[in-house]
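Containing CSV, C-alpha atoms and all ligand atoms: data_19.csv.
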```
chain,number,residue,atom,x,y,z
A,21,MET,CA,-13.0,-15.7,-23.0
A,22,PRO,CA,-10.4,-12.8,-22.9
A,23,SER,CA,-11.0,-10.1,-25.4
A,24,GLU,CA,-8.8,-10.1,-28.6
A,25,LEU,CA,-6.6,-7.3,-27.1
A,26,LEU,CA,-6.1,-9.1,-23.8
A,27,ALA,CA,-5.4,-12.3,-25.6
A,28,LEU,CA,-2.7,-10.5,-27.7
A,29,ALA,CA,-1.2,-9.0,-24.6
A,30,ARG,CA,-1.0,-12.4,-22.9
A,31,THR,CA,0.5,-14.1,-25.9
A,32,ILE,CA,3.2,-11.4,-26.1
A,33,ALA,CA,3.8,-11.5,-22.3
A,34,VAL,CA,4.4,-15.2,-22.4
A,35,GLU,CA,6.9,-15.0,-25.3
A,36,ALA,CA,8.6,-12.0,-23.6
A,37,GLY,CA,8.7,-13.9,-20.3
A,38,GLU,CA,10.4,-16.9,-21.9
A,39,LEU,CA,13.1,-14.6,-23.3
A,40,ALA,CA,13.6,-12.8,-19.9
A,41,ALA,CA,13.9,-16.2,-18.1
A,42,ARG,CA,16.4,-17.5,-20.7
A,43,ARG,CA,18.6,-14.4,-20.4
A,44,ARG,CA,18.4,-14.8,-16.6
A,45,ARG,CA,19.7,-18.4,-16.8
A,46,GLU,CA,22.5,-17.2,-19.1
A,47,GLY,CA,23.5,-14.6,-16.6
A,48,VAL,CA,22.7,-10.8,-16.6
A,49,GLU,CA,24.7,-7.8,-15.6
A,50,VAL,CA,24.1,-4.0,-15.3
A,51,ALA,CA,24.2,-2.4,-18.7
A,52,ALA,CA,23.7,1.2,-17.3
A,53,THR,CA,22.2,3.2,-14.5
A,54,LYS,CA,19.3,5.7,-14.8
A,55,SER,CA,18.0,8.1,-12.2
A,56,THR,CA,20.5,7.0,-9.5
A,57,ILE,CA,23.3,4.5,-9.1
A,58,VAL,CA,20.9,1.9,-7.8
A,59,ASP,CA,18.3,2.4,-10.6
A,60,VAL,CA,19.8,-0.1,-13.1
A,61,VAL,CA,18.9,-1.5,-16.5
A,62,THR,CA,20.2,-4.7,-18.0
A,63,GLU,CA,20.6,-5.6,-21.7
A,64,ALA,CA,17.7,-8.0,-21.2
A,65,ASP,CA,15.3,-5.2,-20.2
A,66,ARG,CA,16.0,-3.5,-23.5
A,67,GLU,CA,15.9,-6.7,-25.6
A,68,VAL,CA,12.6,-7.9,-24.1
A,69,GLU,CA,11.1,-4.5,-24.7
A,70,ARG,CA,12.2,-4.5,-28.3
A,71,LEU,CA,10.5,-7.9,-28.7
A,72,ILE,CA,7.3,-6.6,-27.1
A,73,ARG,CA,7.2,-3.5,-29.2
A,74,GLY,CA,7.7,-5.4,-32.4
A,75,ARG,CA,4.9,-7.9,-31.7
A,76,ILE,CA,2.5,-5.1,-30.8
A,77,LEU,CA,3.3,-3.0,-33.9
A,78,ASP,CA,3.0,-6.2,-36.1
A,79,ALA,CA,-0.5,-6.8,-34.9
A,80,ARG,CA,-1.6,-3.2,-34.1
A,81,PRO,CA,0.4,-0.7,-36.3
A,82,ASN,CA,-1.9,2.3,-35.4
A,83,ASP,CA,-1.6,1.9,-31.6
A,84,ALA,CA,0.7,4.0,-29.4
A,85,ILE,CA,3.3,2.5,-27.0
A,86,LEU,CA,4.7,3.8,-23.8
A,87,GLY,CA,7.6,1.7,-22.5
A,88,GLU,CA,10.1,2.0,-19.7
A,89,GLU,CA,13.2,1.6,-21.8
A,90,GLY,CA,12.1,2.9,-25.3
A,91,GLY,CA,9.9,5.8,-24.2
A,92,SER,CA,6.8,6.9,-26.1
A,93,SER,CA,5.8,6.3,-29.7
A,94,SER,CA,2.5,7.9,-30.9
A,95,GLY,CA,-0.5,6.3,-32.7
A,96,THR,CA,-3.8,7.2,-34.2
A,97,SER,CA,-6.1,4.6,-32.7
A,98,GLY,CA,-6.5,6.2,-29.3
A,99,LEU,CA,-5.2,3.0,-27.7
A,100,THR,CA,-1.8,3.0,-25.9
A,101,TRP,CA,0.1,-0.1,-24.8
A,102,VAL,CA,2.0,0.6,-21.5
A,103,VAL,CA,4.9,-1.8,-21.1
A,104,ASP,CA,7.4,-2.7,-18.4
A,105,PRO,CA,9.5,-5.4,-20.0
A,106,ILE,CA,11.1,-6.5,-16.7
A,107,ASP,CA,9.4,-5.0,-13.6
A,108,GLY,CA,11.5,-5.7,-10.5
A,109,THR,CA,14.8,-5.3,-12.4
A,110,VAL,CA,16.9,-5.3,-9.1
A,111,ASN,CA,15.3,-8.7,-8.2
A,112,TYR,CA,16.0,-9.9,-11.7
A,113,LEU,CA,19.7,-8.8,-11.5
A,114,TYR,CA,20.1,-10.6,-8.1
A,115,GLY,CA,18.4,-13.8,-9.4
A,116,ILE,CA,15.4,-13.3,-7.0
A,117,PRO,CA,12.5,-15.2,-8.8
A,118,HIS,CA,10.1,-12.3,-8.3
A,119,TYR,CA,10.0,-10.1,-11.4
A,120,ALA,CA,7.4,-9.5,-14.1
A,121,VAL,CA,6.5,-8.7,-17.7
A,122,SER,CA,3.8,-6.1,-17.3
A,123,ILE,CA,1.6,-5.1,-20.3
A,124,ALA,CA,-1.5,-2.8,-20.2
A,125,VAL,CA,-3.8,-1.3,-22.9
A,126,VAL,CA,-5.3,2.1,-22.0
A,127,GLU,CA,-7.5,4.6,-23.7
A,128,ALA,CA,-5.6,7.9,-23.7
A,129,ASP,CA,-5.6,11.2,-25.6
A,130,VAL,CA,-3.7,10.7,-28.9
A,131,GLU,CA,-1.9,14.0,-28.2
A,132,GLY,CA,1.0,14.0,-25.9
A,133,GLU,CA,2.4,11.4,-23.4
A,134,PRO,CA,-0.3,9.1,-22.0
A,135,ASP,CA,-1.1,10.2,-18.4
A,136,PRO,CA,-2.2,7.8,-15.7
A,137,LEU,CA,-4.1,10.7,-14.1
A,138,THR,CA,-6.5,10.8,-17.1
A,139,TRP,CA,-6.2,7.5,-19.0
A,140,THR,CA,-8.8,4.7,-18.8
A,141,GLY,CA,-7.4,1.3,-18.1
A,142,LEU,CA,-8.9,-1.4,-20.4
A,143,HIS,CA,-6.8,-4.5,-20.3
A,144,GLY,CA,-3.8,-5.7,-18.2
A,145,CYS,CA,-1.6,-8.7,-17.8
A,146,VAL,CA,1.3,-9.3,-15.4
A,147,LEU,CA,3.4,-12.5,-15.8
A,148,ASN,CA,6.0,-13.7,-13.3
A,149,PRO,CA,8.0,-16.0,-15.6
A,150,ALA,CA,10.0,-17.5,-12.7
A,151,VAL,CA,6.9,-19.1,-11.2
A,152,GLY,CA,4.6,-19.2,-14.3
A,153,GLU,CA,1.9,-17.0,-12.8
A,154,LEU,CA,-0.1,-15.0,-15.3
A,155,PHE,CA,-2.5,-12.5,-13.8
A,156,SER,CA,-4.9,-10.7,-16.2
A,157,GLY,CA,-8.0,-8.6,-16.2
A,158,SER,CA,-10.2,-6.5,-18.4
A,159,ARG,CA,-12.4,-3.5,-17.5
A,160,GLY,CA,-15.8,-4.9,-16.3
A,161,GLU,CA,-14.7,-8.5,-17.0
A,162,GLY,CA,-13.1,-9.5,-13.7
A,163,ALA,CA,-9.6,-10.6,-12.8
A,164,PHE,CA,-7.9,-14.0,-13.2
A,165,LEU,CA,-4.9,-16.1,-12.4
A,166,SER,CA,-3.5,-18.8,-14.7
A,167,VAL,CA,-0.6,-20.9,-13.4
A,168,ALA,CA,1.8,-22.7,-15.8
A,169,GLY,CA,-0.6,-22.2,-18.7
A,170,GLY,CA,-3.4,-23.8,-16.8
A,171,PRO,CA,-7.0,-22.5,-16.7
A,172,ASP,CA,-8.0,-19.0,-15.7
A,173,VAL,CA,-9.2,-18.9,-12.2
A,174,PRO,CA,-11.2,-15.9,-10.9
A,175,ILE,CA,-9.4,-14.0,-8.2
A,176,HIS,CA,-10.7,-11.5,-5.6
A,177,ALA,CA,-9.2,-9.1,-3.1
A,178,ALA,CA,-9.1,-10.2,0.6
A,179,ALA,CA,-12.2,-9.7,2.8
A,180,PRO,CA,-12.2,-6.7,5.0
A,181,ALA,CA,-9.6,-6.9,7.8
A,182,PRO,CA,-9.0,-4.7,10.9
A,183,LEU,CA,-5.9,-2.6,10.5
A,184,GLU,CA,-4.0,-4.5,13.3
A,185,LEU,CA,-4.5,-7.7,11.3
A,186,ALA,CA,-3.6,-6.3,7.9
A,187,LEU,CA,-0.6,-7.6,5.9
A,188,ILE,CA,0.6,-4.6,3.9
A,189,ASN,CA,3.1,-4.4,1.1
A,190,THR,CA,5.0,-1.3,0.0
A,191,GLY,CA,8.1,-0.2,-1.8
A,192,PHE,CA,10.9,2.4,-1.7
A,193,ALA,CA,12.3,4.8,-4.3
A,194,TYR,CA,15.7,4.8,-6.0
A,195,ALA,CA,16.6,8.2,-4.5
A,196,ALA,CA,18.2,7.7,-1.1
A,197,ALA,CA,16.6,10.9,0.5
A,198,THR,CA,13.1,9.8,-0.6
A,199,ARG,CA,13.8,6.2,0.7
A,200,ALA,CA,14.8,7.7,4.1
A,201,LYS,CA,11.4,9.4,4.4
A,202,GLN,CA,9.5,6.3,3.1
A,203,GLY,CA,11.4,4.2,5.7
A,204,GLU,CA,10.3,6.5,8.5
A,205,VAL,CA,6.6,6.2,7.5
A,206,ALA,CA,7.0,2.4,7.3
A,207,ALA,CA,8.6,2.3,10.8
A,208,ARG,CA,5.7,4.3,12.2
A,209,LEU,CA,3.1,2.1,10.5
A,210,LEU,CA,4.7,-1.2,11.5
A,211,PRO,CA,3.4,-1.5,15.1
A,212,MET,CA,-0.1,-0.7,13.9
A,213,VAL,CA,-0.5,-3.5,11.4
A,214,ARG,CA,0.1,-7.3,11.2
A,215,ASP,CA,3.3,-6.8,9.3
A,216,ILE,CA,4.9,-5.2,6.2
A,217,ARG,CA,6.3,-6.9,3.1
A,218,ARG,CA,8.7,-5.4,0.6
A,219,PHE,CA,8.7,-7.6,-2.5
A,220,GLY,CA,10.4,-5.2,-5.0
A,221,THR,CA,8.0,-5.5,-8.0
A,222,ALA,CA,5.1,-3.0,-8.1
A,223,SER,CA,3.1,-4.9,-10.8
A,224,LEU,CA,3.2,-8.1,-8.7
A,225,ASP,CA,2.5,-6.1,-5.5
A,226,LEU,CA,-0.8,-5.0,-7.0
A,227,CYS,CA,-1.5,-8.6,-8.1
A,228,MET,CA,-0.9,-9.7,-4.5
A,229,VAL,CA,-3.7,-7.5,-3.4
A,230,ALA,CA,-5.9,-8.7,-6.3
A,231,ASN,CA,-5.7,-12.3,-5.1
A,232,GLY,CA,-5.8,-11.6,-1.4
A,233,ARG,CA,-2.1,-12.6,-0.6
A,234,THR,CA,-1.9,-9.2,1.1
A,235,ASN,CA,-4.5,-6.8,2.3
A,236,ALA,CA,-3.1,-3.5,1.0
A,237,TYR,CA,-0.3,-2.0,-1.0
A,238,PHE,CA,0.9,1.6,-1.2
A,239,GLU,CA,3.9,3.3,-2.8
A,240,ARG,CA,5.1,6.6,-4.1
A,241,THR,CA,7.4,7.6,-7.1
A,242,LEU,CA,6.2,4.8,-9.3
A,243,SER,CA,6.4,5.2,-13.1
A,244,PRO,CA,3.2,4.7,-15.2
A,245,TRP,CA,4.5,1.3,-16.6
A,246,ASP,CA,5.1,0.0,-13.0
A,247,HIS,CA,1.4,0.2,-12.1
A,248,ALA,CA,-0.7,0.4,-15.3
A,249,ALA,CA,-1.5,-3.3,-15.7
A,250,GLY,CA,-1.6,-4.3,-12.0
A,251,ALA,CA,-4.0,-1.4,-11.2
A,252,ILE,CA,-6.5,-2.8,-13.8
A,253,ILE,CA,-6.2,-6.3,-12.3
A,254,ALA,CA,-6.5,-5.2,-8.7
A,255,ARG,CA,-9.6,-3.1,-9.5
A,256,GLU,CA,-11.3,-5.9,-11.4
A,257,ALA,CA,-10.6,-8.1,-8.3
A,258,GLY,CA,-12.7,-5.7,-6.2
A,259,ALA,CA,-9.9,-3.5,-4.7
A,260,VAL,CA,-9.9,0.2,-4.6
A,261,VAL,CA,-6.9,1.5,-6.5
A,262,LYS,CA,-6.3,5.3,-6.1
A,263,GLY,CA,-4.1,8.3,-5.6
A,264,PHE,CA,-4.5,10.8,-2.8
A,265,GLY,CA,-8.1,12.0,-2.4
A,266,ASP,CA,-10.0,11.8,-5.7
A,267,ALA,CA,-6.9,11.4,-7.8
A,268,ALA,CA,-6.1,8.4,-9.9
A,269,PRO,CA,-2.9,6.5,-9.1
A,270,SER,CA,0.2,8.1,-10.3
A,271,ARG,CA,3.9,8.9,-9.5
A,272,ASP,CA,2.5,10.9,-6.5
A,273,PHE,CA,0.9,8.0,-4.8
A,274,ILE,CA,-0.8,4.6,-5.3
A,275,LEU,CA,-2.9,2.8,-2.7
A,276,ALA,CA,-4.7,-0.5,-3.4
A,277,ALA,CA,-6.9,-2.3,-0.9
A,278,GLU,CA,-10.4,-3.6,-0.3
A,279,PRO,CA,-12.6,-0.5,0.2
A,280,GLU,CA,-13.0,-0.5,4.0
A,281,LEU,CA,-9.3,-0.9,4.7
A,282,ALA,CA,-8.4,1.7,1.9
A,283,ALA,CA,-10.7,4.2,3.6
A,284,ARG,CA,-8.9,3.7,7.0
A,285,LEU,CA,-5.4,3.4,5.6
A,286,GLU,CA,-5.2,6.6,3.4
A,287,PRO,CA,-5.9,9.1,6.3
A,288,LEU,CA,-3.6,7.1,8.6
A,289,LEU,CA,-0.7,7.1,6.1
A,290,ILE,CA,-1.1,10.9,5.6
A,291,ASP,CA,-1.1,11.3,9.4
A,292,LEU,CA,2.1,9.2,9.5
A,293,GLY,CA,3.8,11.6,7.1
A,294,THR,CA,3.6,9.8,3.7
A,295,ARG,CA,2.6,12.9,1.8
A,296,PHE,CA,6.0,14.6,2.1
A,297,GLU,CA,7.3,16.8,-0.7
A,298,LEU,CA,8.7,14.6,-3.5
B,301,LIG,C1,10.5,-0.9,-9.5
B,301,LIG,C2,9.1,-1.2,-8.9
B,301,LIG,C3,9.3,-1.2,-7.4
B,301,LIG,C4,9.8,0.1,-6.9
B,301,LIG,C5,11.1,0.4,-7.5
B,301,LIG,C6,11.0,0.4,-9.0
B,301,LIG,P1,11.5,-1.3,-12.0
B,301,LIG,O1,10.3,-0.8,-10.9
B,301,LIG,O2,8.6,-2.4,-9.4
B,301,LIG,O3,8.0,-1.5,-6.8
B,301,LIG,O4,9.9,0.0,-5.5
B,301,LIG,O5,11.5,1.7,-7.0
B,301,LIG,O6,10.2,1.4,-9.4
B,301,LIG,O7,12.6,-0.2,-11.9
B,301,LIG,O8,12.1,-2.6,-11.5
B,301,LIG,O9,10.9,-1.4,-13.3
```
Show how you would write the structure in this file as structure tokens.
Amino acid sequence: MPSELLALARTIAVEAGELAARRRREGVEVAATKSTIVDVVTEADREVERLIRGRILDARPNDAILGEEGGSSSGTSGLTWVVDPIDGTVNYLYGIPHYAVSIAVVEADVEGEPDPLTWTGLHGCVLNPAVGELFSGSRGEGAFLSVAGGPDVPIHAAAPAPLELALINTGFAYAAATRAKQGEVAARLLPMVRDIRRFGTASLDLCMVANGRTNAYFERTLSPWDHAAGAIIAREAGAVVKGFGDAAPSRDFILAAEPELAARLEPLLIDLGTRFEL
């Protein structure tokens, strides 16, 4: 049985997902751009986040919230909800049915902005409304997939695979100069692995590793809300989810894979130049 907090996160994600899907059917357009001209936000991103924030504060008025569109609001409970209302906004804009509502609950210092380098992930859920897949997990409780409201089925990362047979997913930043360097790394890696996938939604990329649809995922320049929930789910599914060296995942780097492959892939990615100056 999911904990009370996870059950609340799932209920809110399902309602938020229904709103996002409805707005998608009605048609969406760019409301504004953010870090670069290709980093877009739609009115639906904002509306869905307002709904999520409202439901959280109705049920948990003393908790903090960190959301992609609304920023950070403080709390006194020591718990922070980390929210990406529509992860994969470019997919959402283009009508590609691969985007997600991502909600995590983390334990973080009450002072200052919650930091993925120091927070403790407790609960996470990632819902792809377009296909009705709800991934969820709680610290020490395992990871699960429920399809179209069906039963929760335990999920696990793929068995160890040799590098040359590994299917790897990754992603690219909104800044063109950074993307160019990421592309060079991907080009060098390509002949060394089975293949590379670029799905466009970090939270679902991590869930792909969690249920063995891919063997490994890595990316740089992600925001905390892009990986908070997916990292908890992938870890509970038996994957290693980390930053460079002993660091936790953060904007600097995230790698998720079953332990043996992670141990091979990290030094290789560094050799291939992935640790360039951001
Ligand atoms: C996106 C991530 C994706 C990454 C994009 C962006 P958004 O998040 O899901 O993996 O490659 O650069 O960060 O902007 O759709 O919430």
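By only C-alpha atoms, and with residues fewer than 4 positions from segment 168-177 of chain A along its chain excluded, the set lying at most 7 Å from it is Gly152, Glu153, Ala163, Phe164, Val229, Ala230, Asn231, Gly232, Ala257, Gly258, Ala259 and Glu278 of chain A.
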Do you know which residues are at most 9 Å from Leu298 of chain A counting only C-alpha atoms, after dropping those on the same chain fewer than 6 positions away, and could you put them as a list in words?
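Residues meeting the cut-off are Thr198, Arg240, Thr241 and Asp272 of chain A.
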What are the closest atom pairs, with distances in Å to one decimal, for each residue of chain A lying within 10 Å of ligand LIG 301 (chain B), using all atoms listed in the file, rows by chain and rising residue number, as CSV?
```
residue,atom,partner,partner_atom,distance
A:Lys54,CA,B:LIG301,O7,9.4
A:Ser55,CA,B:LIG301,O7,9.9
A:Val58,CA,B:LIG301,O5,9.4
A:Asp59,CA,B:LIG301,O7,6.4
A:Val60,CA,B:LIG301,O7,7.3
A:Val61,CA,B:LIG301,O7,7.9
A:Asp65,CA,B:LIG301,O9,9.0
A:Glu88,CA,B:LIG301,O9,7.3
A:Glu89,CA,B:LIG301,O9,9.3
A:Val103,CA,B:LIG301,O9,9.8
A:Asp104,CA,B:LIG301,O9,6.3
A:Pro105,CA,B:LIG301,O9,7.9
A:Ile106,CA,B:LIG301,O9,6.1
A:Asp107,CA,B:LIG301,O9,3.9
A:Gly108,CA,B:LIG301,O8,3.3
A:Thr109,CA,B:LIG301,O8,3.9
A:Val110,CA,B:LIG301,O8,6.0
A:Asn111,CA,B:LIG301,O8,7.6
A:Tyr112,CA,B:LIG301,O8,8.3
A:Leu113,CA,B:LIG301,O8,9.8
A:Tyr119,CA,B:LIG301,O8,7.8
A:Ala120,CA,B:LIG301,O2,8.6
A:Val121,CA,B:LIG301,O9,9.6
A:Ser122,CA,B:LIG301,O9,9.4
A:Asn189,CA,B:LIG301,O3,9.7
A:Thr190,CA,B:LIG301,O3,7.4
A:Gly191,CA,B:LIG301,O4,4.1
A:Phe192,CA,B:LIG301,O4,4.6
A:Ala193,CA,B:LIG301,O5,4.2
A:Tyr194,CA,B:LIG301,O5,5.3
A:Ala195,CA,B:LIG301,O5,8.6
A:Arg199,CA,B:LIG301,O5,9.2
A:Arg218,CA,B:LIG301,O4,8.2
A:Phe219,CA,B:LIG301,O3,7.5
A:Gly220,CA,B:LIG301,O3,4.8
A:Thr221,CA,B:LIG301,O2,3.5
A:Ala222,CA,B:LIG301,O3,3.5
A:Ser223,CA,B:LIG301,O2,6.2
A:Leu224,CA,B:LIG301,O2,7.9
A:Asp225,CA,B:LIG301,O3,7.3
A:Leu226,CA,B:LIG301,O3,9.5
A:Phe238,CA,B:LIG301,O3,9.6
A:Glu239,CA,B:LIG301,O4,7.4
A:Arg240,CA,B:LIG301,O4,8.3
A:Thr241,CA,B:LIG301,O6,7.2
A:Leu242,CA,B:LIG301,O6,5.3
A:Ser243,CA,B:LIG301,O6,6.5
A:Pro244,CA,B:LIG301,O6,9.7
A:Trp245,CA,B:LIG301,O9,7.7
A:Asp246,CA,B:LIG301,O2,5.6
A:His247,CA,B:LIG301,O2,8.1
A:Arg271,CA,B:LIG301,O6,9.8
```
Can you find the residues with an atom no farther than 12 Å from (-6.6, -8.0, 18.6), counting all atoms listed in the file, and report them as a PyMOL selection string?
chain A and resi 181-186+212-214
As an exercise, work out the distance from atom CA of Val48 of chain A to atom CA of His118 of chain A in Å and give it to one decimal place.
15.2 Å
Tell me, in Å to one decimal, how far atom CA of Ala41 of chain A is from atom CA of Ala150 of chain A.
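Separation of atom CA of Ala41 of chain A and atom CA of Ala150 of chain A: 6.8 Å.
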May I have the protein, DNA and RNA residues with any atom at most 10 Å from the point (11.2, -15.9, -19.7), counting only C-alpha atoms, written as a ChimeraX atom specification?
/A:33-45,68,106,120-121,147-150,152
List the neighbours of Ser94 of chain A out to 9 Å using all atoms listed in the file; skip same-chain residues closer than 3 positions along the sequence, and give me the result as a VMD selection string.
chain A and resid 82 to 86 100 130 to 133
Please report the interatomic distance between atom CA of Ala178 of chain A and atom CA of Ile252 of chain A in Å with one decimal.
16.4 Å
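Proximity of A:Glu127, A:Glu161, A:Glu46, A:Asp78 to Trp101 of chain A, computed with all atoms listed in the file, is greatest for A:Glu127.
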What's around Ala196 of chain A at 9 Å? Count all atoms listed in the file, leave out sequence neighbours fewer than 4 positions away in its own chain, and write the answer as a tab-separated table (two decimals) with C-alpha atoms, keeping the file's coordinate frame.
```tsv
chain	number	residue	atom	x	y	z
A	56	THR	CA	20.50	7.00	-9.50
A	200	ALA	CA	14.80	7.70	4.10
A	201	LYS	CA	11.40	9.40	4.40
```
Among the residues A:Ser270, A:Arg70, A:Met228, A:Ile216, the one that comes closest to Trp139 of chain A [using only C-alpha atoms]:
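Checking each candidate against Trp139 of chain A, we get A:Ser270 as the closest.
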Taking only C-alpha atoms into account, name the residue in A:Val146, A:Ile57, A:Ala254, A:Cys227 that is nearest to Ala29 of chain A.
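Among A:Val146, A:Ile57, A:Ala254, A:Cys227, it is A:Val146 that comes nearest to Ala29 of chain A.
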Closest of A:Cys145, A:Leu187, A:Ala236, A:Leu71 to Glu256 of chain A - atom-to-atom distances counting only C-alpha atoms:
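Of the candidates, the smallest distance to Glu256 of chain A is held by A:Cys145.
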Return the single residue from A:Gly160, A:Gly293, A:Pro180, A:Pro279 that is closest to Ile253 of chain A, with distances computed using all atoms listed in the file.
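The closest residue to Ile253 of chain A is A:Gly160.
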Determine the nearest neighbour of Leu209 of chain A from the options A:Val125, A:Ser97, A:Arg159, A:Glu286, counting all atoms listed in the file.
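Ranking A:Val125, A:Ser97, A:Arg159, A:Glu286 by distance to Leu209 of chain A, first place goes to A:Glu286.
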Please output segment 76-96 of chain A, rebuilt to include N, CA and C atoms, as an mmCIF file, in the coordinates of the input.
```cif
data_model
loop_
_atom_site.group_PDB
_atom_site.id
_atom_site.type_symbol
_atom_site.label_atom_id
_atom_site.label_comp_id
_atom_site.auth_asym_id
_atom_site.auth_seq_id
_atom_site.Cartn_x
_atom_site.Cartn_y
_atom_site.Cartn_z
ATOM 1 N N ILE A 76 3.677 -5.939 -30.847
ATOM 2 C CA ILE A 76 2.500 -5.100 -30.800
ATOM 3 C C ILE A 76 2.318 -4.369 -32.143
ATOM 4 N N LEU A 77 3.399 -3.802 -32.697
ATOM 5 C CA LEU A 77 3.300 -3.000 -33.900
ATOM 6 C C LEU A 77 2.968 -3.961 -35.135
ATOM 7 N N ASP A 78 3.414 -5.215 -35.073
ATOM 8 C CA ASP A 78 3.000 -6.200 -36.100
ATOM 9 C C ASP A 78 1.539 -6.351 -36.172
ATOM 10 N N ALA A 79 0.934 -6.461 -34.970
ATOM 11 C CA ALA A 79 -0.500 -6.800 -34.900
ATOM 12 C C ALA A 79 -1.363 -5.491 -34.875
ATOM 13 N N ARG A 80 -0.793 -4.382 -34.322
ATOM 14 C CA ARG A 80 -1.600 -3.200 -34.100
ATOM 15 C C ARG A 80 -0.803 -1.932 -34.527
ATOM 16 N N PRO A 81 -0.517 -1.750 -35.833
ATOM 17 C CA PRO A 81 0.400 -0.700 -36.300
ATOM 18 C C PRO A 81 -0.106 0.753 -35.933
ATOM 19 N N ASN A 82 -1.397 0.935 -35.631
ATOM 20 C CA ASN A 82 -1.900 2.300 -35.400
ATOM 21 C C ASN A 82 -1.969 2.627 -33.875
ATOM 22 N N ASP A 83 -1.530 1.694 -33.025
ATOM 23 C CA ASP A 83 -1.600 1.900 -31.600
ATOM 24 C C ASP A 83 -0.304 2.643 -31.114
ATOM 25 N N ALA A 84 -0.426 3.395 -30.023
ATOM 26 C CA ALA A 84 0.700 4.000 -29.400
ATOM 27 C C ALA A 84 1.340 3.095 -28.368
ATOM 28 N N ILE A 85 2.598 3.331 -28.038
ATOM 29 C CA ILE A 85 3.300 2.500 -27.000
ATOM 30 C C ILE A 85 4.025 3.453 -26.063
ATOM 31 N N LEU A 86 3.944 3.162 -24.779
ATOM 32 C CA LEU A 86 4.700 3.800 -23.800
ATOM 33 C C LEU A 86 5.492 2.741 -23.010
ATOM 34 N N GLY A 87 6.822 2.728 -23.136
ATOM 35 C CA GLY A 87 7.600 1.700 -22.500
ATOM 36 C C GLY A 87 8.710 2.235 -21.640
ATOM 37 N N GLU A 88 9.105 1.479 -20.611
ATOM 38 C CA GLU A 88 10.100 2.000 -19.700
ATOM 39 C C GLU A 88 11.441 2.263 -20.356
ATOM 40 N N GLU A 89 11.869 1.398 -21.253
ATOM 41 C CA GLU A 89 13.200 1.600 -21.800
ATOM 42 C C GLU A 89 13.182 2.340 -23.149
ATOM 43 N N GLY A 90 12.069 2.224 -23.922
ATOM 44 C CA GLY A 90 12.100 2.900 -25.300
ATOM 45 C C GLY A 90 11.230 4.125 -25.321
ATOM 46 N N GLY A 91 10.633 4.508 -24.215
ATOM 47 C CA GLY A 91 9.900 5.800 -24.200
ATOM 48 C C GLY A 91 8.549 5.650 -24.940
ATOM 49 N N SER A 92 8.094 6.776 -25.486
ATOM 50 C CA SER A 92 6.800 6.900 -26.100
ATOM 51 C C SER A 92 6.789 6.932 -27.584
ATOM 52 N N SER A 93 5.940 6.142 -28.248
ATOM 53 C CA SER A 93 5.800 6.300 -29.700
ATOM 54 C C SER A 93 4.261 6.500 -29.936
ATOM 55 N N SER A 94 3.951 7.437 -30.796
ATOM 56 C CA SER A 94 2.500 7.900 -30.900
ATOM 57 C C SER A 94 1.750 6.931 -31.853
ATOM 58 N N GLY A 95 0.417 7.104 -31.828
ATOM 59 C CA GLY A 95 -0.500 6.300 -32.700
ATOM 60 C C GLY A 95 -1.708 7.098 -32.994
ATOM 61 N N THR A 96 -2.599 6.523 -33.780
ATOM 62 C CA THR A 96 -3.800 7.200 -34.200
ATOM 63 C C THR A 96 -5.082 6.554 -33.703
#
```
